[in-house]
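Chemist: Once you've had a glance at the structure underneath, I'll fire off some questions.
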Amino acid sequence: MRIGERGFAFITVLVALFVVGVMLLAAAEPAAVVAQREREEELVFRGEAYVEAIRLYQSEHGGAFPTQLKQLLEQGPKRRRYIRQLYRNPFDPEGKWALLAPGVTPPKGVPGLGGTPAAPPPVGVPLTPTQGGPRVGLLPGPGQALPFRLDGQEGQPIVGVYCNSKRQAFREYRGRKNYDEWYFSPLVIPPPPPVGVGLGQGAVPAPAGPPPAAPQGPKS
């Protein structure tokens, strides 16, 4: 093989390797996006599982919140567990959740509100769903206080969990785009509607009753 032919073959190999590398990068990026989207779905599913578990715990303990997540795995007065398992935070390498505590977190950068969160109530004292914040079902927007503190710890009443990852999500969750603003708490997430109420997406219609009896004519 001549020197010119060798050089052309070498350049052809380099071009082929470059094209293959670009194709691999193009395939790897969507794979990472798909993986993050799947973790987003898991984050919502697991976070909302804790919301319902805390709500069930409250219903059997006079409105009091658990002080440890493992209490949600213990059997309550009705001999049932409140959560199937202690789900891990899919965005934390150790699977740990950041905890929400009773109190109020003032909005960032709003003068005149101070920076000291309200003190939590004593352990075991029930907390009403609207205490210290907006009505249930609304995540506070910019410039509004949060109806909980973000520095919760085991041993204090736990009113919810959240993911402290600063990454931006691909979708919004209750109007928030960052994972560390996706708060999972009964104080801001309403309970699911009763069976058959609303009949919105995902609602289960109430079972139909027996059909009305056909009218009978006069006896002969």
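By convention in this document, the chains of the structure tokens carry letters A, B, ... by their order, each chain's residues are numbered from 1, and ligands are numbered from 1 in the order they are shown.
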Write out as a ChimeraX atom specification each polymer residue whose atoms come within 8 Å of range 155-161 of chain A, counting only C-alpha atoms; drop sequence neighbours fewer than 4 positions from it.

Modeler: /A:47,50-51,54,64-69,97-102,123-124,148,183-187

Chemist: Name the closest residue to Lys96 in chain A among the candidates A:Ala145, A:Glu60, A:Ala32, A:Asn164; distances are taken between atoms, counting only C-alpha atoms.

Modeler: A:Asn164

Chemist: May I have the residues within 12 Å of range 79-82 of chain A as an NGL selection string, using only C-alpha atoms and disregarding those fewer than 2 positions away in the same chain?

Modeler: :A and (49-61 or 66 or 69-77 or 84-86)

Chemist: How far is it from CA of Arg167 in chain A to CA of Asp180 in chain A, in Å with one decimal?

Modeler: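 It comes out at 7.8 Å.
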
Chemist: CA of Arg174 in chain A and CA of Pro194 in chain A are how many Å apart?

Modeler: 20.8 Å

Chemist: Could you name the residues that touch Gln36 in chain A at 10 Å or less, counting only C-alpha atoms, but leaving out those on the same chain fewer than 6 positions away, as a PDB file with C-alpha atoms, in the first residue's frame?

Modeler:
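Writing the result to part-v9.pdb gives the following:
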```
ATOM      1  CA  PRO A  30     -31.634  10.566  26.157  1.00  0.00           C
ATOM      2  CA  GLU A  42     -40.548   7.680  41.918  1.00  0.00           C
ATOM      3  CA  PRO A  90     -34.324   8.423  44.812  1.00  0.00           C
ATOM      4  CA  PHE A  91     -32.156  11.553  44.465  1.00  0.00           C
ATOM      5  CA  ALA A 169     -36.977  19.048  37.325  1.00  0.00           C
ATOM      6  CA  PHE A 170     -38.249  18.307  33.845  1.00  0.00           C
TER       7      PHE A 170
END
```

Chemist: Would you mind reading off the distance between CA of Glu40 in chain A and CA of Asn89 in chain A, one decimal, in Å?

Modeler: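 CA of Asn89 in chain A lies 10.3 Å from CA of Glu40 in chain A.
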